[in-house]
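**Student:** Structure supplied as start-v2.cif; contents: mmCIF, C-alpha atoms.
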data_target
#
loop_
_atom_site.label_atom_id
_atom_site.label_comp_id
_atom_site.auth_asym_id
_atom_site.auth_seq_id
_atom_site.Cartn_x
_atom_site.Cartn_y
_atom_site.Cartn_z
CA MET A 1 -29.09 -12.70 7.09
CA ALA A 2 -29.63 -9.01 7.73
CA ASP A 3 -27.02 -6.56 6.48
CA GLU A 4 -24.95 -7.23 9.59
CA VAL A 5 -21.92 -4.96 9.84
CA ILE A 6 -19.41 -5.24 12.67
CA LEU A 7 -16.26 -3.19 13.10
CA LEU A 8 -13.42 -4.33 15.32
CA ASP A 9 -11.24 -1.34 16.14
CA TYR A 10 -9.27 0.25 18.95
CA TRP A 11 -9.97 3.85 20.00
CA PRO A 12 -6.34 5.14 20.02
CA SER A 13 -5.22 3.15 16.98
CA MET A 14 -2.88 4.95 14.62
CA PHE A 15 -3.87 2.69 11.73
CA GLY A 16 -6.19 5.36 10.45
CA MET A 17 -8.48 5.12 13.45
CA GLY A 18 -11.60 6.74 12.26
CA THR A 19 -10.95 6.04 8.57
CA THR A 20 -13.38 3.12 8.39
CA LYS A 21 -15.80 4.70 10.89
CA ILE A 22 -15.93 7.94 8.86
CA ALA A 23 -16.71 5.99 5.68
CA LEU A 24 -19.53 4.02 7.34
CA ALA A 25 -20.94 7.24 8.78
CA GLU A 26 -20.77 9.03 5.41
CA LYS A 27 -22.80 6.19 3.91
CA GLY A 28 -25.26 6.11 6.82
CA VAL A 29 -24.50 2.44 7.50
CA ALA A 30 -25.54 1.11 10.93
CA TYR A 31 -22.95 -1.14 12.51
CA GLU A 32 -21.91 -2.76 15.75
CA TYR A 33 -18.64 -1.43 17.11
CA LYS A 34 -16.46 -3.80 19.14
CA GLU A 35 -13.60 -2.21 21.04
CA THR A 36 -10.67 -4.57 20.43
CA ASP A 37 -7.23 -4.09 21.90
CA PRO A 38 -4.90 -5.63 19.29
CA ARG A 39 -2.35 -6.49 21.98
CA ALA A 40 -4.88 -8.79 23.62
CA LYS A 41 -5.09 -10.91 20.44
CA THR A 42 -8.56 -12.15 21.27
CA SER A 43 -9.89 -15.24 19.54
CA LEU A 44 -12.31 -13.05 17.55
CA LEU A 45 -9.44 -10.92 16.24
CA ILE A 46 -7.32 -13.93 15.34
CA GLU A 47 -10.27 -15.64 13.68
CA THR A 48 -11.21 -12.59 11.59
CA ASN A 49 -7.72 -11.42 10.70
CA PRO A 50 -5.56 -14.54 10.93
CA ILE A 51 -2.90 -13.18 8.57
CA HIS A 52 -2.03 -9.89 10.26
CA LYS A 53 -3.92 -10.18 13.58
CA LYS A 54 -4.49 -6.42 13.40
CA ILE A 55 -7.35 -3.99 13.66
CA PRO A 56 -9.43 -2.58 12.09
CA VAL A 57 -11.43 -5.57 10.83
CA LEU A 58 -14.71 -4.98 9.04
CA ILE A 59 -17.14 -7.89 9.08
CA HIS A 60 -20.04 -7.75 6.65
CA LYS A 61 -22.53 -10.62 6.51
CA GLY A 62 -19.96 -12.83 8.17
CA LYS A 63 -17.16 -12.00 5.72
CA GLN A 64 -14.08 -10.14 6.89
CA ILE A 65 -12.34 -7.30 5.13
CA CYS A 66 -8.97 -6.12 6.42
CA GLU A 67 -6.76 -3.05 5.81
CA PRO A 68 -8.45 0.37 6.17
CA LEU A 69 -8.07 1.53 2.57
CA ILE A 70 -9.40 -1.76 1.23
CA GLN A 71 -12.31 -1.38 3.66
CA LEU A 72 -12.98 2.12 2.26
CA GLU A 73 -13.20 0.76 -1.27
CA TYR A 74 -15.41 -2.13 -0.15
CA ILE A 75 -17.80 0.21 1.67
CA ASP A 76 -17.96 2.45 -1.40
CA GLU A 77 -18.73 -0.48 -3.70
CA VAL A 78 -21.34 -2.18 -1.51
CA TRP A 79 -23.23 0.97 -0.50
CA SER A 80 -22.85 2.51 -3.93
CA ASP A 81 -26.24 4.21 -4.02
CA THR A 82 -25.22 6.86 -1.51
CA TYR A 83 -22.41 9.39 -1.22
CA PRO A 84 -19.51 8.21 -3.48
CA ILE A 85 -16.15 8.07 -1.72
CA LEU A 86 -14.06 7.43 -4.83
CA PRO A 87 -14.46 9.27 -8.15
CA SER A 88 -15.94 7.28 -11.04
CA ASP A 89 -13.28 8.33 -13.58
CA PRO A 90 -10.46 5.71 -13.68
CA TYR A 91 -7.69 8.34 -13.78
CA GLN A 92 -9.09 10.33 -10.83
CA LYS A 93 -9.59 7.06 -8.98
CA ALA A 94 -5.95 6.08 -9.59
CA GLN A 95 -4.83 9.48 -8.25
CA ALA A 96 -6.96 9.05 -5.13
CA ARG A 97 -5.55 5.55 -4.60
CA PHE A 98 -2.00 6.88 -5.08
CA TRP A 99 -2.46 9.45 -2.31
CA GLY A 100 -4.20 6.95 -0.05
CA ASP A 101 -1.23 4.62 -0.58
CA PHE A 102 1.20 7.50 0.16
CA ILE A 103 -0.53 8.25 3.45
CA ASP A 104 -0.75 4.54 4.31
CA LYS A 105 2.93 3.80 3.59
CA LYS A 106 4.70 7.01 4.53
CA PHE A 107 2.86 8.40 7.53
CA TYR A 108 2.78 5.70 10.16
CA ASP A 109 6.46 5.06 10.76
CA PRO A 110 7.76 8.61 11.20
CA SER A 111 4.56 9.60 13.05
CA TRP A 112 4.97 7.12 15.84
CA LYS A 113 8.71 7.82 16.06
CA VAL A 114 8.01 11.51 16.56
CA TRP A 115 5.86 10.89 19.65
CA GLY A 116 7.37 7.56 20.69
CA THR A 117 11.13 8.08 20.56
CA ARG A 118 13.69 10.72 21.47
CA GLY A 119 17.13 11.92 20.46
CA GLU A 120 18.49 11.32 16.98
CA GLU A 121 15.77 8.84 16.02
CA GLN A 122 13.09 11.42 16.80
CA VAL A 123 14.92 14.20 14.95
CA THR A 124 15.24 12.08 11.80
CA ALA A 125 11.58 11.01 12.01
CA LYS A 126 10.41 14.61 12.48
CA LYS A 127 12.35 15.77 9.43
CA GLU A 128 10.78 13.00 7.36
CA LEU A 129 7.27 13.64 8.70
CA LEU A 130 7.51 17.38 8.00
CA GLU A 131 8.49 16.56 4.40
CA HIS A 132 5.43 14.34 4.05
CA PHE A 133 3.16 17.03 5.50
CA LYS A 134 4.66 19.46 3.00
CA THR A 135 4.01 17.06 0.13
CA LEU A 136 0.41 16.68 1.29
CA GLU A 137 -0.05 20.43 1.66
CA THR A 138 1.30 20.98 -1.88
CA GLU A 139 -1.05 18.32 -3.25
CA LEU A 140 -4.03 19.93 -1.49
CA GLY A 141 -3.17 23.36 -2.83
CA ASP A 142 -6.18 25.66 -2.82
CA LYS A 143 -8.73 22.88 -3.15
CA THR A 144 -11.51 22.50 -0.61
CA TYR A 145 -10.82 18.79 -0.28
CA TYR A 146 -8.25 16.46 -1.85
CA GLY A 147 -10.74 15.36 -4.48
CA GLY A 148 -11.77 18.95 -5.26
CA ASP A 149 -15.20 20.06 -4.08
CA VAL A 150 -16.19 16.71 -2.67
CA PHE A 151 -15.01 15.12 0.60
CA GLY A 152 -13.72 11.67 -0.31
CA PHE A 153 -11.18 8.87 -0.20
CA VAL A 154 -7.96 10.81 0.45
CA ASP A 155 -9.60 13.16 2.97
CA ILE A 156 -10.96 10.15 4.87
CA ALA A 157 -7.57 8.37 4.75
CA LEU A 158 -5.74 11.40 6.18
CA MET A 159 -8.39 12.37 8.74
CA GLY A 160 -7.91 8.88 10.16
CA TYR A 161 -4.63 10.21 11.60
CA TYR A 162 -6.03 13.56 12.77
CA SER A 163 -6.63 12.61 16.39
CA TRP A 164 -2.87 11.95 16.72
CA PHE A 165 -1.83 15.35 15.31
CA LYS A 166 -1.89 17.06 18.70
CA ALA A 167 0.35 14.36 20.24
CA ILE A 168 2.72 14.57 17.28
CA GLU A 169 2.91 18.38 17.61
CA LYS A 170 3.45 18.26 21.35
CA PHE A 171 6.17 15.64 21.45
CA GLY A 172 7.67 16.74 18.12
CA GLU A 173 7.66 20.36 19.27
CA PHE A 174 6.24 21.98 16.19
CA SER A 175 2.96 23.50 15.11
CA ILE A 176 1.09 22.10 12.13
CA GLU A 177 -0.89 25.35 11.87
CA ALA A 178 2.28 27.47 11.70
CA GLU A 179 4.01 25.22 9.16
CA PHE A 180 1.04 24.06 7.08
CA PRO A 181 -1.78 26.63 7.05
CA LYS A 182 -3.64 25.09 4.09
CA LEU A 183 -3.69 21.67 5.69
CA THR A 184 -4.95 23.26 8.91
CA GLN A 185 -7.82 24.98 7.11
CA TRP A 186 -8.64 21.67 5.45
CA THR A 187 -8.79 19.87 8.83
CA LYS A 188 -11.19 22.55 10.09
CA ARG A 189 -13.45 21.99 7.07
CA CYS A 190 -13.38 18.24 7.64
CA LEU A 191 -14.21 18.72 11.32
CA GLU A 192 -17.45 20.42 10.30
CA ARG A 193 -18.67 17.09 8.98
CA GLU A 194 -20.75 14.99 11.37
CA SER A 195 -19.24 11.75 10.03
CA VAL A 196 -15.78 12.94 11.09
CA VAL A 197 -16.71 14.37 14.48
CA MET A 198 -18.53 11.21 15.55
CA SER A 199 -15.72 8.92 14.35
CA ILE A 200 -12.42 10.29 15.54
CA ALA A 201 -10.95 9.98 19.02
CA ASP A 202 -10.52 12.96 21.33
CA SER A 203 -7.08 14.55 20.71
CA ASP A 204 -6.46 15.29 24.40
CA LYS A 205 -7.18 11.70 25.39
CA ILE A 206 -4.70 10.59 22.69
CA VAL A 207 -2.06 12.93 24.16
CA GLU A 208 -2.58 11.32 27.60
CA TYR A 209 -2.42 7.88 26.03
CA ALA A 210 0.78 8.82 24.18
CA TYR A 211 2.34 9.99 27.47
CA VAL A 212 1.74 6.58 29.01
CA LEU A 213 3.15 4.81 25.95
CA ARG A 214 6.21 7.08 25.84
CA ARG A 215 7.06 6.12 29.41
CA LYS A 216 6.70 2.44 28.53
CA LEU A 217 8.86 2.90 25.41
CA GLY A 218 11.47 4.75 27.42
CA ALA A 219 11.08 7.99 25.53
CA GLU A 220 9.97 9.93 28.61
CA MET B 221 -8.28 9.90 -30.26
CA VAL B 222 -5.68 7.11 -30.41
CA ASP B 223 -4.47 6.13 -26.95
CA GLU B 224 -0.85 7.01 -26.27
CA VAL B 225 0.55 4.67 -23.63
CA ILE B 226 4.12 4.95 -22.36
CA LEU B 227 5.68 2.81 -19.66
CA LEU B 228 8.82 3.94 -17.85
CA GLY B 229 10.49 0.88 -16.38
CA TYR B 230 13.71 -0.83 -15.38
CA TRP B 231 14.17 -4.27 -16.87
CA PRO B 232 14.83 -6.36 -13.70
CA SER B 233 12.09 -4.65 -11.66
CA THR B 234 9.45 -7.02 -10.29
CA PHE B 235 7.03 -4.10 -10.16
CA GLY B 236 7.43 -2.95 -13.76
CA VAL B 237 6.76 -6.52 -14.89
CA ARG B 238 3.27 -6.32 -13.36
CA THR B 239 2.26 -3.36 -15.46
CA ARG B 240 3.72 -4.88 -18.64
CA ILE B 241 1.76 -8.11 -18.08
CA ALA B 242 -1.48 -6.19 -17.51
CA LEU B 243 -0.98 -4.18 -20.73
CA GLU B 244 -0.14 -7.35 -22.69
CA GLU B 245 -3.17 -9.19 -21.25
CA LYS B 246 -5.37 -6.36 -22.52
CA ASP B 247 -3.47 -6.25 -25.82
CA ILE B 248 -2.69 -2.55 -25.40
CA LYS B 249 0.08 -1.15 -27.59
CA PHE B 250 2.61 0.75 -25.52
CA ASP B 251 5.96 2.45 -25.83
CA TYR B 252 8.38 0.97 -23.27
CA ARG B 253 11.19 3.29 -22.18
CA GLU B 254 14.06 1.79 -20.19
CA GLN B 255 15.17 4.03 -17.30
CA ASP B 256 18.55 4.37 -15.62
CA LEU B 257 17.73 4.39 -11.90
CA PHE B 258 21.21 5.65 -11.04
CA ASN B 259 20.83 8.64 -13.35
CA LYS B 260 17.12 9.44 -13.38
CA SER B 261 15.64 11.09 -16.45
CA SER B 262 13.81 14.41 -16.31
CA LEU B 263 10.71 12.63 -17.63
CA LEU B 264 10.73 10.20 -14.71
CA LEU B 265 11.24 12.98 -12.19
CA GLU B 266 8.47 15.04 -13.79
CA MET B 267 6.00 12.15 -13.95
CA ASN B 268 6.69 10.76 -10.48
CA PRO B 269 7.91 13.72 -8.42
CA VAL B 270 6.71 12.22 -5.13
CA HIS B 271 8.53 8.86 -5.19
CA LYS B 272 10.84 9.27 -8.23
CA LYS B 273 10.43 5.54 -8.90
CA ILE B 274 9.48 3.22 -11.72
CA PRO B 275 7.21 1.94 -13.08
CA VAL B 276 5.36 5.00 -14.31
CA LEU B 277 2.45 4.52 -16.70
CA ILE B 278 1.76 7.58 -18.82
CA HIS B 279 -1.63 7.48 -20.53
CA ASN B 280 -2.31 10.34 -22.95
CA GLY B 281 0.25 12.45 -21.10
CA LYS B 282 -1.11 11.75 -17.61
CA PRO B 283 0.97 9.70 -15.14
CA VAL B 284 -0.26 6.82 -12.97
CA CYS B 285 2.20 5.59 -10.34
CA GLU B 286 2.52 2.45 -8.16
CA SER B 287 2.33 -0.89 -9.99
CA LEU B 288 -0.81 -2.36 -8.44
CA ILE B 289 -2.66 0.94 -8.84
CA GLN B 290 -1.57 0.81 -12.50
CA VAL B 291 -2.92 -2.74 -12.90
CA GLU B 292 -6.27 -1.64 -11.51
CA TYR B 293 -6.26 1.47 -13.71
CA ILE B 294 -5.55 -0.65 -16.81
CA ASP B 295 -8.41 -2.99 -15.85
CA GLU B 296 -10.85 -0.09 -15.38
CA THR B 297 -9.77 1.89 -18.45
CA TRP B 298 -9.92 -1.09 -20.84
CA PRO B 299 -12.74 -3.11 -19.28
CA GLY B 300 -14.00 -4.74 -22.45
CA LYS B 301 -11.15 -7.17 -22.64
CA ILE B 302 -10.09 -9.89 -20.16
CA PRO B 303 -11.02 -8.70 -16.61
CA LEU B 304 -8.09 -8.75 -14.23
CA LEU B 305 -10.15 -8.21 -11.07
CA PRO B 306 -13.42 -9.89 -10.06
CA SER B 307 -16.61 -7.84 -10.30
CA ASP B 308 -17.93 -8.91 -6.89
CA PRO B 309 -16.84 -6.30 -4.27
CA TYR B 310 -15.83 -8.88 -1.66
CA GLN B 311 -13.80 -11.00 -4.14
CA ARG B 312 -12.20 -7.86 -5.53
CA ASP B 313 -11.17 -6.65 -2.11
CA GLN B 314 -9.80 -10.08 -1.20
CA ALA B 315 -7.65 -9.87 -4.35
CA LYS B 316 -6.40 -6.44 -3.24
CA PHE B 317 -5.68 -7.77 0.24
CA TRP B 318 -3.40 -10.41 -1.27
CA GLY B 319 -1.78 -7.90 -3.62
CA ASP B 320 -1.01 -5.77 -0.55
CA PHE B 321 0.31 -8.84 1.33
CA ILE B 322 2.60 -9.70 -1.58
CA ASP B 323 3.93 -6.13 -1.53
CA LYS B 324 4.68 -6.57 2.18
CA MET B 325 7.11 -9.37 1.24
CA VAL B 326 9.56 -6.79 -0.06
CA PRO B 327 11.32 -5.80 3.21
CA GLY B 328 12.16 -9.45 3.93
CA LEU B 329 13.51 -9.87 0.39
CA VAL B 330 15.58 -6.70 0.68
CA ARG B 331 17.21 -8.12 3.83
CA LEU B 332 17.74 -11.48 2.14
CA MET B 333 19.40 -9.99 -0.95
CA TRP B 334 21.05 -6.82 0.27
CA GLY B 335 21.29 -7.27 4.02
CA ALA B 336 24.38 -8.02 6.06
CA LYS B 337 25.52 -11.64 5.79
CA GLY B 338 24.54 -13.77 8.72
CA GLU B 339 21.71 -12.78 11.04
CA GLU B 340 20.09 -10.10 8.89
CA GLN B 341 20.11 -12.21 5.76
CA GLU B 342 18.79 -15.25 7.62
CA ALA B 343 15.98 -13.19 9.15
CA GLY B 344 15.01 -11.92 5.70
CA LYS B 345 15.03 -15.42 4.27
CA LYS B 346 12.90 -16.77 7.12
CA GLU B 347 10.36 -13.96 6.71
CA PHE B 348 10.18 -14.47 2.93
CA ILE B 349 9.65 -18.24 3.25
CA GLU B 350 6.94 -17.81 5.90
CA MET B 351 5.07 -15.25 3.81
CA LEU B 352 5.42 -17.32 0.63
CA LYS B 353 3.98 -20.32 2.49
CA THR B 354 1.01 -18.19 3.53
CA VAL B 355 0.51 -17.17 -0.09
CA GLU B 356 0.84 -20.82 -1.14
CA SER B 357 -1.97 -21.78 1.30
CA GLU B 358 -4.13 -19.15 -0.29
CA LEU B 359 -3.40 -20.60 -3.75
CA GLY B 360 -4.17 -24.13 -2.56
CA ASP B 361 -4.93 -26.43 -5.49
CA LYS B 362 -6.32 -23.70 -7.71
CA THR B 363 -4.84 -23.05 -11.16
CA TYR B 364 -4.57 -19.36 -10.44
CA PHE B 365 -5.25 -17.28 -7.34
CA GLY B 366 -8.66 -16.24 -8.67
CA GLY B 367 -9.58 -19.81 -9.64
CA GLU B 368 -9.67 -20.56 -13.36
CA ALA B 369 -8.93 -17.03 -14.52
CA PHE B 370 -5.46 -15.44 -14.46
CA GLY B 371 -5.69 -12.09 -12.73
CA TYR B 372 -4.55 -9.42 -10.31
CA VAL B 373 -2.99 -11.59 -7.59
CA ASP B 374 -1.15 -13.75 -10.13
CA ILE B 375 0.16 -10.57 -11.74
CA ALA B 376 1.21 -9.19 -8.33
CA LEU B 377 3.30 -12.28 -7.54
CA ILE B 378 4.68 -13.55 -10.86
CA GLY B 379 7.09 -10.61 -11.19
CA TYR B 380 9.13 -12.08 -8.33
CA TYR B 381 9.59 -15.37 -10.26
CA CYS B 382 12.45 -14.00 -12.38
CA TRP B 383 14.28 -13.30 -9.11
CA PHE B 384 13.74 -16.77 -7.60
CA ASP B 385 17.08 -18.10 -8.90
CA ALA B 386 18.84 -15.11 -7.33
CA PHE B 387 16.98 -15.57 -4.00
CA GLU B 388 17.92 -19.26 -3.95
CA LYS B 389 21.55 -18.64 -4.87
CA TYR B 390 22.17 -15.86 -2.35
CA GLY B 391 19.90 -17.34 0.32
CA ASN B 392 21.17 -20.87 -0.19
CA PHE B 393 17.79 -22.61 -0.21
CA SER B 394 15.31 -24.15 -2.63
CA ILE B 395 11.99 -22.42 -3.16
CA GLU B 396 10.57 -25.57 -4.80
CA ALA B 397 11.37 -27.58 -1.68
CA GLU B 398 9.60 -25.03 0.52
CA CYS B 399 6.67 -24.10 -1.75
CA PRO B 400 6.18 -26.64 -4.57
CA LYS B 401 2.70 -25.38 -5.46
CA ILE B 402 4.04 -21.89 -6.04
CA ILE B 403 6.64 -23.24 -8.50
CA ALA B 404 3.97 -25.27 -10.32
CA TRP B 405 1.76 -22.19 -10.47
CA ALA B 406 4.64 -20.03 -11.78
CA LYS B 407 5.37 -22.52 -14.56
CA SER B 408 1.67 -22.38 -15.62
CA CYS B 409 1.83 -18.58 -15.67
CA MET B 410 5.00 -18.66 -17.80
CA LYS B 411 3.01 -20.45 -20.54
CA ARG B 412 0.93 -17.28 -20.98
CA ASP B 413 2.17 -14.99 -23.74
CA SER B 414 1.77 -11.87 -21.61
CA VAL B 415 4.01 -13.31 -18.88
CA ALA B 416 6.64 -14.90 -21.15
CA LYS B 417 6.98 -11.59 -23.04
CA SER B 418 7.23 -9.47 -19.89
CA LEU B 419 9.49 -11.39 -17.51
CA PRO B 420 13.23 -10.86 -17.93
CA ASP B 421 15.53 -13.86 -18.11
CA SER B 422 16.33 -15.25 -14.62
CA GLU B 423 19.96 -15.85 -15.49
CA LYS B 424 20.45 -12.24 -16.56
CA VAL B 425 18.81 -11.04 -13.31
CA THR B 426 21.10 -13.24 -11.19
CA GLU B 427 24.18 -12.05 -13.12
CA LEU B 428 23.21 -8.45 -12.40
CA VAL B 429 23.18 -8.86 -8.60
CA PRO B 430 26.88 -8.15 -7.82
CA GLU B 431 26.78 -5.05 -10.01
CA LEU B 432 23.58 -3.80 -8.34
CA LYS B 433 25.08 -4.40 -4.90
CA LYS B 434 28.10 -2.28 -5.79
CA LYS B 435 26.02 0.54 -7.28
CA TRP B 436 23.67 0.72 -4.30
CA LEU B 437 26.50 0.67 -1.79
CA CYS B 438 28.02 3.51 -3.79
CA LEU B 439 24.80 5.52 -3.68
CA LYS B 440 24.41 4.92 0.06
CA SER B 441 27.87 6.29 0.75
CA LEU B 442 27.26 9.52 -1.16
#
Please rewrite the model in this file as structure tokens.

**Tutor:**
Amino acid sequence: MADEVILLDYWPSMFGMGTTKIALAEKGVAYEYKETDPRAKTSLLIETNPIHKKIPVLIHKGKQICEPLIQLEYIDEVWSDTYPILPSDPYQKAQARFWGDFIDKKFYDPSWKVWGTRGEEQVTAKKELLEHFKTLETELGDKTYYGGDVFGFVDIALMGYYSWFKAIEKFGEFSIEAEFPKLTQWTKRCLERESVVMSIADSDKIVEYAYVLRRKLGAE
Amino acid sequence: MVDEVILLGYWPSTFGVRTRIALEEKDIKFDYREQDLFNKSSLLLEMNPVHKKIPVLIHNGKPVCESLIQVEYIDETWPGKIPLLPSDPYQRDQAKFWGDFIDKMVPGLVRLMWGAKGEEQEAGKKEFIEMLKTVESELGDKTYFGGEAFGYVDIALIGYYCWFDAFEKYGNFSIEAECPKIIAWAKSCMKRDSVAKSLPDSEKVTELVPELKKKWLCLKSL
């Protein structure tokens, strides 16, 4: 069987949409992309991710790998002869995994509440999200990328959320550039990479999409 | 240079147990330092400024946080001894998927143990049982989650075993009745030195519950 790689994902997904795509692009891996709306719960989605029934799902030679950060590690291990995503040193690797885990656990909930709710719930979520941005900005410091000079695991994990930043700013009524200049410069550096540009969704389209969802959620 | 390994933990923590087991499996000498979570030490706050939580593994002065990340770190730093994760990328990532799934059982357990009596507690119990059944299907008739070798997924789950009596008492149900294979598996794991040494006594954990409830309610009201 040829090195068949399929990715089931959904263009506006907040689950690090772009994370897995960026990693595949960095490694120069050809793959078939299947747009999959997780709400539709198609038989393919249920068959490939029966436990969580969520996207993204990476299918390689018929085997499925779920969870974006696990997919990143898998991609790095299988296509190990090109561009390393994780450092080889165990301590540096553990640090990268820690920050990936931080982004994975801490970002999603307050992020969607900032664009998807209003009133007290939104205010609380915004306060929490701003704290997380601050933590991430402090961790970045004056480095070029989170791993130092090399674009890698943590950068890819965080850039997966980038296309939602504009929606978060708009509905949260704050400016990431004004509050977090280092993070902003870092996003600009990441956006110079082809792998990132070809993988992430258009921010304006996400804002439109968020508008529609906000009305459905009763936040508008 | 002789390795200096320190583990900051809290004796009833299911997460700290994981790291202890991994260190014991690899026969690594370490200095265990009991932490007071209601009066956190400056060392803990310095070594885990982001989450301020245990366990924290400090290896030659450098901290590694999050229990499953610590287990992986231990496996990669001391590879010569018993491997805790498979070498095949797909098998390894399946193991991590299940470790992540087991971590996702926590919110249900929090509702079961600390939630409001009635609906919230029942919802937590239902969620826990469903997830444990899913994990049990994954175990199937294997000795351990990885097959014949004790490893990462076993380590991820076994820490909860010392809390099973407490879950059953406060949730009013029998885990053995719901998931007999899990209980059989846990008893096999308990025969391993690394596990027997690392797991706290179930009775002591259950006795601690009313005190923990009071302390956490106190903290919440501050």

**Student:** A:Lys143: which residues within 9 Å, counting only C-alpha atoms, same-chain residues fewer than 5 positions away excluded, as a PyMOL selection string?

**Tutor:** chain A and resi 148-149+186

**Student:** Expanded to explicit residues, what is the PyMOL selection byres ((chain A and resi 59-69) around 6) for this file, as a PyMOL selection string?

**Tutor:** chain A and resi 4-6+57-58+70-72

**Student:** Written as a ChimeraX atom specification, which residues does the PyMOL selection byres ((chain A and resi 163) around 10) give for the file shown?

**Tutor:** /A:12-14,16-18,159-162,164-168,200-207

**Student:** Please determine the contact residues of chain A with respect to chain B at a cut-off of 12 Å, counting all atoms listed in the file, and supply them as a ChimeraX atom specification.

**Tutor:** /A:49-52,58-80,88-106,131-132,134-136,138-139

**Student:** So what do you get for atom CA of B:Gln255 versus atom CA of B:Val373, distance-wise?

**Tutor:**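 Between atom CA of B:Gln255 and atom CA of B:Val373 the gap works out to 25.8 Å.
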
**Student:** Residues within 6 Å of stretch 251-254 of chain B, please, as a list in words. Count only C-alpha atoms; anything in the same chain fewer than 2 positions from it doesn't count.

**Tutor:**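 What passes the distance filter is Ile226, Leu227, Leu228, Gly229 and Tyr230 of chain B.
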
**Student:** Quick one, how far is atom CA of B:Lys362 from atom CA of B:Arg412?

**Tutor:** 16.4 Å

**Student:** Quick one: which residues end up in the PyMOL selection byres ((chain B and resi 322) around 12) for this structure, as JSON, numbers by chain?

**Tutor:** {"B": [234, 235, 288, 315, 316, 317, 318, 319, 320, 321, 323, 324, 325, 326, 327, 328, 329, 348, 350, 351, 352, 353, 354, 355, 356, 358, 372, 373, 374, 375, 376, 377, 378, 379, 380]}

**Student:** Quick one: distance from atom CA of B:Leu332 to atom CA of B:Lys345 in Å, one decimal?

**Tutor:** 5.2 Å

**Student:** Write out as a PyMOL selection string the residues lying within 8 Å of A:Leu129, counting only C-alpha atoms and excluding same-chain residues fewer than 2 positions away.

**Tutor:** chain A and resi 107+110-111+125-127+131-133

**Student:** Counting all atoms listed in the file, select every polymer residue within 12 Å of (20.9, -2.6, -4.8) as defined in the file's coordinates, and provide the selection as an NGL selection string.

**Tutor:** :B and (232-233 or 257-258 or 329-335 or 428-440)

**Student:** Quick one: write out the picked residues with C-alpha atoms as a PDB file, keeping the file's coordinate frame?

**Tutor:**
ATOM      1  CA  PRO B 232      14.830  -6.360 -13.700  1.00  0.00           C
ATOM      2  CA  SER B 233      12.090  -4.650 -11.660  1.00  0.00           C
ATOM      3  CA  LEU B 257      17.730   4.390 -11.900  1.00  0.00           C
ATOM      4  CA  PHE B 258      21.210   5.650 -11.040  1.00  0.00           C
ATOM      5  CA  LEU B 329      13.510  -9.870   0.390  1.00  0.00           C
ATOM      6  CA  VAL B 330      15.580  -6.700   0.680  1.00  0.00           C
ATOM      7  CA  ARG B 331      17.210  -8.120   3.830  1.00  0.00           C
ATOM      8  CA  LEU B 332      17.740 -11.480   2.140  1.00  0.00           C
ATOM      9  CA  MET B 333      19.400  -9.990  -0.950  1.00  0.00           C
ATOM     10  CA  TRP B 334      21.050  -6.820   0.270  1.00  0.00           C
ATOM     11  CA  GLY B 335      21.290  -7.270   4.020  1.00  0.00           C
ATOM     12  CA  LEU B 428      23.210  -8.450 -12.400  1.00  0.00           C
ATOM     13  CA  VAL B 429      23.180  -8.860  -8.600  1.00  0.00           C
ATOM     14  CA  PRO B 430      26.880  -8.150  -7.820  1.00  0.00           C
ATOM     15  CA  GLU B 431      26.780  -5.050 -10.010  1.00  0.00           C
ATOM     16  CA  LEU B 432      23.580  -3.800  -8.340  1.00  0.00           C
ATOM     17  CA  LYS B 433      25.080  -4.400  -4.900  1.00  0.00           C
ATOM     18  CA  LYS B 434      28.100  -2.280  -5.790  1.00  0.00           C
ATOM     19  CA  LYS B 435      26.020   0.540  -7.280  1.00  0.00           C
ATOM     20  CA  TRP B 436      23.670   0.720  -4.300  1.00  0.00           C
ATOM     21  CA  LEU B 437      26.500   0.670  -1.790  1.00  0.00           C
ATOM     22  CA  CYS B 438      28.020   3.510  -3.790  1.00  0.00           C
ATOM     23  CA  LEU B 439      24.800   5.520  -3.680  1.00  0.00           C
ATOM     24  CA  LYS B 440      24.410   4.920   0.060  1.00  0.00           C
TER      25      LYS B 440
END
